[in-house]
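Here is the file protein20.txt (compact mmCIF, C-alpha atoms).
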# COMPACT_ATOMS: atom_id res chain seq x y z
CA MET U 694 -22.67 -38.84 -176.25
CA LEU U 695 -22.14 -42.58 -175.79
CA THR U 696 -24.42 -44.41 -178.19
CA VAL U 697 -26.36 -47.50 -177.22
CA GLY U 698 -24.17 -49.55 -179.55
CA ALA U 699 -20.97 -48.22 -177.98
CA LEU U 700 -22.34 -48.84 -174.50
CA ARG U 701 -23.29 -52.40 -175.39
CA ALA U 702 -19.81 -53.00 -176.80
CA HIS U 703 -18.23 -51.61 -173.64
CA LEU U 704 -20.41 -53.78 -171.39
CA LEU U 705 -19.22 -56.87 -173.24
CA ALA U 706 -15.56 -55.83 -173.50
CA ALA U 707 -15.33 -54.93 -169.79
CA ARG U 708 -17.30 -58.06 -168.84
CA LEU U 709 -19.88 -55.96 -167.07
CA ALA U 710 -22.36 -58.02 -169.08
CA GLY U 711 -22.09 -61.01 -171.36
CA VAL U 712 -19.99 -63.71 -169.71
CA VAL U 713 -19.19 -62.30 -166.25
CA ALA U 714 -16.82 -63.34 -163.49
CA THR U 715 -19.60 -64.44 -161.14
CA SER U 716 -19.85 -68.21 -161.18
CA ARG U 717 -23.02 -70.24 -161.55
CA GLU U 718 -22.07 -72.03 -158.33
CA GLU U 719 -21.96 -68.73 -156.41
CA SER U 720 -25.34 -67.68 -157.77
CA LEU U 721 -27.04 -71.00 -157.06
CA ARG U 722 -25.70 -70.93 -153.51
CA SER U 723 -27.21 -67.47 -153.05
CA TYR U 724 -30.55 -68.66 -154.45
CA ARG U 725 -30.58 -71.61 -152.05
CA LEU U 726 -29.81 -69.36 -149.09
CA PHE U 727 -32.42 -66.81 -150.17
CA ALA U 728 -35.05 -69.55 -150.49
CA ALA U 729 -34.15 -70.55 -146.91
CA ARG U 730 -34.63 -66.92 -145.80
CA ASP U 731 -31.01 -66.54 -144.72
CA PRO U 732 -30.61 -62.89 -143.62
CA ARG U 733 -27.11 -62.77 -145.10
CA VAL U 734 -28.70 -63.03 -148.54
CA LEU U 735 -32.03 -61.28 -147.85
CA ILE U 736 -29.93 -58.13 -147.07
CA GLY U 737 -32.90 -56.17 -145.77
CA ILE U 738 -35.71 -57.54 -147.94
CA ASP U 739 -38.63 -59.28 -146.22
CA PRO U 740 -40.21 -61.13 -149.17
CA GLU U 741 -43.98 -61.17 -149.29
CA TRP U 742 -44.08 -64.12 -151.67
CA SER U 743 -42.64 -67.59 -151.28
CA TRP U 744 -39.48 -67.97 -153.36
CA GLY U 745 -38.04 -71.41 -154.01
CA GLN U 746 -34.74 -71.94 -155.78
CA ARG U 747 -36.45 -72.72 -159.11
CA ASP U 748 -38.55 -69.55 -158.76
CA LEU U 749 -35.37 -67.53 -158.24
CA ILE U 750 -33.64 -69.12 -161.22
CA GLY U 751 -36.64 -68.16 -163.35
CA LEU U 752 -36.67 -64.63 -161.98
CA MET U 753 -32.95 -64.14 -162.54
CA ALA U 754 -33.22 -65.55 -166.05
CA ASP U 755 -35.93 -62.98 -166.77
CA LYS U 756 -34.22 -60.03 -165.09
CA CYS U 757 -30.57 -60.76 -165.95
CA GLY U 758 -30.47 -63.32 -168.73
CA VAL U 759 -28.76 -66.08 -166.75
CA SER U 760 -29.50 -69.68 -167.70
CA ALA U 761 -33.05 -70.73 -166.86
CA ASP U 762 -32.01 -74.39 -166.78
CA PRO U 763 -31.71 -75.65 -163.17
CA ARG U 764 -29.47 -78.43 -164.49
CA CYS U 765 -26.85 -75.80 -165.39
CA VAL U 766 -24.78 -75.87 -162.20
CA SER U 767 -21.28 -74.74 -163.18
CA GLY U 768 -19.39 -72.25 -165.29
CA HIS U 769 -19.75 -68.48 -165.46
CA ASP U 770 -23.02 -66.59 -165.36
CA VAL U 771 -24.18 -64.62 -168.38
CA ILE U 772 -25.90 -61.23 -168.24
CA ASP U 773 -27.83 -60.08 -171.29
CA PRO U 774 -26.43 -56.64 -172.22
CA GLU U 775 -29.82 -55.64 -173.65
CA ARG U 776 -31.33 -56.06 -170.20
CA THR U 777 -28.52 -53.98 -168.70
CA VAL U 778 -29.07 -51.17 -171.20
CA ALA U 779 -32.85 -51.19 -170.66
CA ALA U 780 -32.37 -51.05 -166.90
CA LEU U 781 -29.84 -48.20 -167.21
CA ASP U 782 -32.46 -46.27 -169.19
CA ALA U 783 -35.02 -46.84 -166.43
CA PHE U 784 -32.39 -45.89 -163.82
CA ALA U 785 -31.75 -42.63 -165.70
CA GLU U 786 -35.49 -41.89 -165.80
CA ARG U 787 -35.68 -42.04 -162.00
CA LEU U 788 -32.64 -39.76 -161.71
CA ALA U 789 -34.24 -37.28 -164.11
CA ALA U 790 -37.48 -37.30 -162.12
CA VAL U 791 -35.80 -36.60 -158.79
CA ALA U 792 -33.59 -33.93 -160.40
CA GLN U 793 -36.62 -32.20 -161.88
CA ARG U 794 -38.17 -32.00 -158.39
CA ARG U 795 -34.84 -30.96 -156.86
CA ALA U 796 -35.63 -33.53 -154.21
CA PRO U 797 -33.24 -34.81 -151.51
CA VAL U 798 -31.32 -38.00 -152.25
CA LEU U 799 -29.18 -40.48 -150.34
CA LEU U 800 -26.42 -42.49 -152.00
CA GLY U 801 -24.60 -45.43 -150.46
CA THR U 802 -22.55 -48.43 -151.51
CA GLY U 803 -21.38 -51.75 -150.16
CA HIS U 804 -18.76 -51.80 -152.93
CA PRO U 805 -16.73 -48.63 -152.24
CA HIS U 806 -13.58 -50.09 -153.82
CA ARG U 807 -15.38 -50.45 -157.16
CA LEU U 808 -18.43 -48.21 -157.28
CA LEU U 809 -17.65 -45.11 -155.22
CA GLY U 810 -16.72 -43.13 -158.33
CA PHE U 811 -19.91 -44.11 -160.15
CA TYR U 812 -22.15 -42.90 -157.34
CA ALA U 813 -20.03 -39.83 -156.60
CA ALA U 814 -20.50 -38.61 -160.17
CA LEU U 815 -24.26 -39.01 -159.77
CA ALA U 816 -24.14 -37.13 -156.45
CA ASP U 817 -22.17 -34.28 -158.06
CA ALA U 818 -24.65 -33.99 -160.92
CA LEU U 819 -27.72 -34.09 -158.68
CA SER U 820 -26.21 -31.54 -156.31
CA ALA U 821 -25.45 -29.24 -159.25
CA VAL U 822 -29.14 -29.04 -160.17
CA GLY U 823 -30.26 -28.32 -156.61
CA CYS U 824 -30.87 -31.73 -155.03
CA ALA U 825 -29.78 -31.99 -151.42
CA VAL U 826 -27.32 -34.90 -151.18
CA LEU U 827 -27.89 -36.10 -147.63
CA THR U 828 -25.13 -37.24 -145.27
CA PRO U 829 -26.90 -38.27 -142.04
CA ALA U 830 -25.19 -40.14 -139.20
CA GLN U 831 -21.66 -39.43 -140.42
CA GLY U 832 -19.19 -41.10 -138.06
CA ARG U 833 -21.90 -43.19 -136.38
CA CYS U 834 -20.90 -46.70 -135.30
CA VAL U 835 -22.63 -49.62 -137.02
CA ASP U 836 -22.26 -53.17 -135.66
CA ILE U 837 -22.40 -55.68 -138.52
CA THR U 838 -22.27 -59.46 -138.27
CA THR U 839 -19.65 -60.81 -140.67
CA ARG U 840 -18.18 -64.26 -141.30
CA PHE U 841 -15.50 -63.25 -138.79
CA GLY U 842 -18.06 -62.37 -136.12
CA LEU U 843 -19.53 -59.05 -135.00
CA ARG U 844 -17.49 -56.12 -136.30
CA THR U 845 -17.92 -52.43 -135.57
CA TYR U 846 -17.65 -50.03 -138.50
CA ASN U 847 -18.03 -46.28 -138.87
CA LEU U 848 -20.47 -44.74 -141.32
CA ASP U 849 -18.60 -42.30 -143.55
CA TYR U 850 -19.18 -40.21 -146.67
CA VAL U 851 -16.91 -39.30 -149.55
CA ARG U 852 -18.26 -36.86 -152.16
CA GLY U 853 -21.75 -37.45 -150.85
CA VAL U 854 -21.62 -41.25 -151.01
CA ALA U 855 -22.08 -43.30 -147.85
CA PHE U 856 -20.17 -46.47 -146.97
CA VAL U 857 -18.67 -48.08 -143.89
CA ARG U 858 -15.03 -48.25 -142.95
CA GLU U 859 -13.13 -49.89 -140.14
CA PRO U 860 -12.45 -47.61 -137.16
CA GLY U 861 -9.18 -45.75 -137.07
CA PRO U 862 -7.44 -43.10 -139.17
CA SER U 863 -7.93 -43.29 -142.92
CA GLY U 864 -4.73 -42.19 -144.55
CA SER U 865 -4.56 -40.93 -148.09
CA GLY U 866 -4.16 -43.70 -150.60
CA CYS U 867 -6.03 -46.22 -148.44
CA GLU U 868 -8.90 -48.20 -149.87
CA PRO U 869 -12.05 -46.15 -149.33
CA GLY U 870 -13.99 -48.58 -147.16
CA ALA U 871 -15.32 -52.02 -146.42
CA HIS U 872 -17.33 -54.38 -148.61
CA THR U 873 -20.68 -55.16 -147.03
CA HIS U 874 -24.13 -56.46 -147.96
CA SER U 875 -25.73 -55.34 -144.70
CA PRO U 876 -28.86 -53.13 -144.59
CA LEU U 877 -27.81 -51.76 -141.18
CA PRO U 878 -25.88 -48.76 -142.57
CA VAL U 879 -28.87 -47.40 -144.49
CA ARG U 880 -31.18 -48.06 -141.55
CA THR U 881 -28.76 -46.10 -139.34
CA ALA U 882 -28.60 -43.23 -141.82
CA LEU U 883 -32.36 -43.03 -142.32
CA ALA U 884 -33.05 -43.23 -138.59
CA ALA U 885 -30.60 -40.39 -137.95
CA ALA U 886 -32.22 -38.26 -140.65
CA ALA U 887 -35.65 -38.85 -139.11
CA GLU U 888 -34.40 -38.11 -135.58
CA ALA U 889 -32.95 -34.83 -136.81
CA GLY U 890 -36.32 -33.82 -138.24
CA GLY U 891 -35.40 -34.43 -141.86
CA PRO U 892 -35.15 -33.94 -144.68
CA LEU U 893 -35.64 -37.55 -145.72
CA PRO U 894 -34.53 -38.79 -149.14
CA GLU U 895 -37.07 -39.08 -151.92
CA LEU U 896 -34.69 -41.46 -153.68
CA VAL U 897 -32.01 -43.82 -152.36
CA ILE U 898 -29.36 -44.87 -154.88
CA GLY U 899 -26.88 -47.67 -154.30
CA ASP U 900 -26.46 -51.42 -154.10
CA HIS U 901 -26.72 -54.37 -151.72
CA GLY U 902 -28.32 -53.50 -148.38
CA TRP U 903 -28.54 -49.80 -149.21
CA VAL U 904 -31.20 -50.52 -151.82
CA CYS U 905 -32.95 -53.42 -150.08
CA GLY U 906 -32.96 -51.82 -146.65
CA ALA U 907 -34.31 -48.50 -147.94
CA GLY U 908 -36.89 -50.11 -150.20
CA GLN U 909 -38.20 -52.31 -147.41
CA LEU U 910 -38.71 -49.19 -145.29
CA GLY U 911 -40.83 -47.60 -148.02
CA PHE U 912 -38.28 -45.32 -149.66
CA GLU U 913 -37.95 -45.33 -153.42
CA ALA U 914 -34.68 -47.12 -154.18
CA ILE U 915 -32.72 -47.88 -157.33
CA GLY U 916 -29.41 -49.62 -157.79
CA LEU U 917 -27.01 -52.07 -159.33
CA ALA U 918 -26.81 -55.81 -158.69
CA ASP U 919 -24.87 -58.88 -159.75
CA THR U 920 -26.35 -62.29 -160.53
CA ASP U 921 -25.57 -63.63 -157.06
CA ASP U 922 -27.63 -60.87 -155.37
CA PRO U 923 -31.22 -62.05 -155.90
CA ALA U 924 -32.63 -59.87 -153.10
CA LEU U 925 -32.66 -56.70 -155.21
CA PHE U 926 -34.43 -58.43 -158.09
CA VAL U 927 -36.97 -59.98 -155.73
CA GLY U 928 -37.53 -56.50 -154.30
CA GLU U 929 -38.10 -55.19 -157.82
CA ALA U 930 -40.48 -58.05 -158.64
CA GLU U 931 -42.49 -57.39 -155.47
CA GLY U 932 -42.57 -53.61 -156.00
CA VAL U 933 -40.29 -52.74 -153.09
CA VAL U 934 -37.37 -51.62 -155.30
CA SER U 935 -37.97 -49.38 -158.32
CA VAL U 936 -35.10 -50.25 -160.67
CA VAL U 937 -32.26 -52.78 -160.58
CA VAL U 938 -29.49 -52.75 -163.19
CA PRO U 939 -28.00 -56.22 -163.78
CA LEU U 940 -24.22 -56.12 -164.17
CA ASP U 941 -21.00 -57.36 -162.63
CA ASP U 942 -20.55 -55.11 -159.60
CA ALA U 943 -16.89 -55.92 -158.94
CA VAL U 944 -14.89 -55.04 -162.06
CA ARG U 945 -12.30 -52.24 -162.18
CA SER U 946 -13.72 -48.91 -161.02
CA ASP U 947 -12.80 -47.09 -164.23
CA TYR U 948 -14.89 -49.54 -166.26
CA TYR U 949 -18.03 -47.92 -164.83
CA ARG U 950 -17.20 -44.45 -166.18
CA PRO U 951 -18.90 -44.98 -169.56
CA LEU U 952 -22.03 -46.08 -167.69
CA THR U 953 -21.88 -42.86 -165.68
CA ARG U 954 -21.69 -40.78 -168.86
CA TYR U 955 -24.53 -42.71 -170.46
CA VAL U 956 -26.85 -42.43 -167.44
CA LEU U 957 -26.18 -38.73 -166.85
CA ASN U 958 -26.75 -37.96 -170.52
CA ARG U 959 -30.01 -39.92 -170.58
CA ALA U 960 -31.12 -38.08 -167.43
CA CYS U 961 -30.15 -34.71 -168.97
CA LEU U 962 -27.68 -34.20 -166.13
CA SER U 963 -24.43 -34.04 -168.11
CA GLN U 964 -22.26 -31.17 -166.96
Can you turn what I pasted into structure tokens?
Amino acid sequence: MLTVGALRAHLLAARLAGVVATSREESLRSYRLFAARDPRVLIGIDPEWSWGQRDLIGLMADKCGVSADPRCVSGHDVIDPERTVAALDAFAERLAAVAQRRAPVLLGTGHPHRLLGFYAALADALSAVGCAVLTPAQGRCVDITTRFGLRTYNLDYVRGVAFVREPGPSGSGCEPGAHTHSPLPVRTALAAAAEAGGPLPELVIGDHGWVCGAGQLGFEAIGLADTDDPALFVGEAEGVVSVVVPLDDAVRSDYYRPLTRYVLNRACLSQ
């Protein structure tokens, strides 16, 4: 079993927490855009409250441990590893609850290059105890507005984890999919599940628009988020998202393996 101390040390060594690669400039830009209700940064959340940039800085300081000083405008963000560990514990509690009910789940990521393995291990463990890991709308086209214009992607699943990829054959050894913040993939998946008569997920697990889009539609959602993704933390603050784990969401994929072991052990899902 990975101890809390060993997990904390790993978070710092891998720069999943502590001083992270995300810059203060990137985060402040996201807070400004969120305050302006830019859909690229809302990623599926429709905030009930009014959030100014100072409000968001305060929220992110509380949830992540970033600097609460609005005069701090450069350098790297800092995530408090204690907050990451506490959120991982809460994340594991929600996994344990859905596993105990053997309830259906949906997993999806906007970071398939980095986080596919993390979610796939969760999907394997939940499936092993009798949870249905849903894969609705596989192959469905999803039109997403990007900085390069409107792009069409296909919704795909690998080991029970949803993501989008560019159309065309996916040869072995290719990167597993496209990076996206959009809530459209989860909306497409949930709509397809409903059209088919269910089942619908009792828990959605993921990041970016997968969490925000599902939570806004009333599904329980938990996930991971970096300091430049305020939407998930706003969703948590407003009660739309159940649990958000603050960490760098773009480090090497193998650096998330200790987190997988820790969460599965805490959820009593270790195989």
Margin query: Considering all atoms listed in the file, can you say which of U:Leu735, U:Leu781, U:Leu788, U:Leu877 comes closest to Pro951 of chain U?
Written below: U:Leu781
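From atom CA of Val798 of chain U back to atom CA of Leu843 of chain U, the distance works out to 29.7 Å.
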Margin query: For a quick check of your reading of the model, name the residues lying within 10 Å of the coordinate (-21.7, -65.4, -169.1), counting all atoms listed in the file, and write them as a ChimeraX atom specification.
Written below: /U:705,708-717,758-760,768-773
Item checked: Polymer residues at most 8 Å from segment 799-814 of chain U, all atoms listed in the file, same-chain spacing of 4 or more positions, as number ranges by chain -> U: 818, 826-828, 851-857, 868-875, 879, 894, 896-903, 942-946, 949-950, 953
Note to self: So that I can check the surroundings of segment 742-753 of chain U, please list as number ranges by chain every protein, DNA and RNA residue that reaches within 9 Å of it, counting all atoms listed in the file and ignoring chain neighbours fewer than 4 positions away.
What the structure shows: U: 721, 724-729, 757-763, 920, 923, 926-927, 930-931
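Between atom CA of Ala914 of chain U and atom CA of Leu695 of chain U the separation is 25.4 Å.
When atom CA of Ala884 of chain U is paired with atom CA of Arg787 of chain U, their separation reads 23.6 Å.
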Check: Counting only C-alpha atoms, which of U:Glu859, U:Asp921, U:Glu718, U:Asp817 gets nearest to Arg833 of chain U?
Finding: U:Glu859
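Distance check against Pro939 of chain U using all atoms listed in the file: of U:Ala780, U:Arg794, U:Ile736, U:Pro878, the minimum falls on U:Ala780.
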Identify, on the basis of all atoms listed in the file, every residue whose closest approach to Leu883 of chain U does not exceed 8 Å; exclude the query and any residue fewer than 4 positions from it along the same chain; express the result as a PDB file with C-alpha atoms, in the coordinates of the input.
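Contents of out_7.pdb, freshly written:
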ATOM      1  CA  PRO U 829     -26.900 -38.270-142.040  1.00  0.00           C
ATOM      2  CA  VAL U 879     -28.870 -47.400-144.490  1.00  0.00           C
ATOM      3  CA  ALA U 887     -35.650 -38.850-139.110  1.00  0.00           C
ATOM      4  CA  LEU U 893     -35.640 -37.550-145.720  1.00  0.00           C
TER       5      LEU U 893
END
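Taking all atoms listed in the file into account, Leu910 of chain U lies nearest to U:Val933 out of the set U:Val933, U:Ala885, U:Cys834, U:Ala699.
Proximity to Asp922 of chain U was assessed for U:Glu719, U:Asp836, U:Asp782, U:Asp755 counting all atoms listed in the file; the smallest distance is recorded for U:Glu719.
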Next item on the list: Please provide as an MDAnalysis selection string all residues within 10 Å of Glu929 of chain U, with the sequence filter that same-chain residues fewer than 6 positions apart are discarded (counting all atoms listed in the file).
Entry: chainID U and resid 756 905 908 914:915 923 935:937
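Each of U:Met694, U:Val835, U:Val904, U:Leu940 was compared to Leu925 of chain U using all atoms listed in the file, and U:Val904 turns out to be the nearest.
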Margin query: Please list as JSON, numbers by chain every residue within 8 Å of Val938 of chain U, counting only C-alpha atoms and excluding residues in the same chain fewer than 4 positions away.
Written below: {"U": [776, 777, 780, 781, 784, 916, 917, 918]}
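Here the selection is built from all atoms listed in the file, and the residues within 9 Å of (-33.8, -41.3, -173.3) turn out to be Asp782, Ala783, Ala785, Glu786, Asn958, Arg959, Ala960 and Cys961 of chain U.
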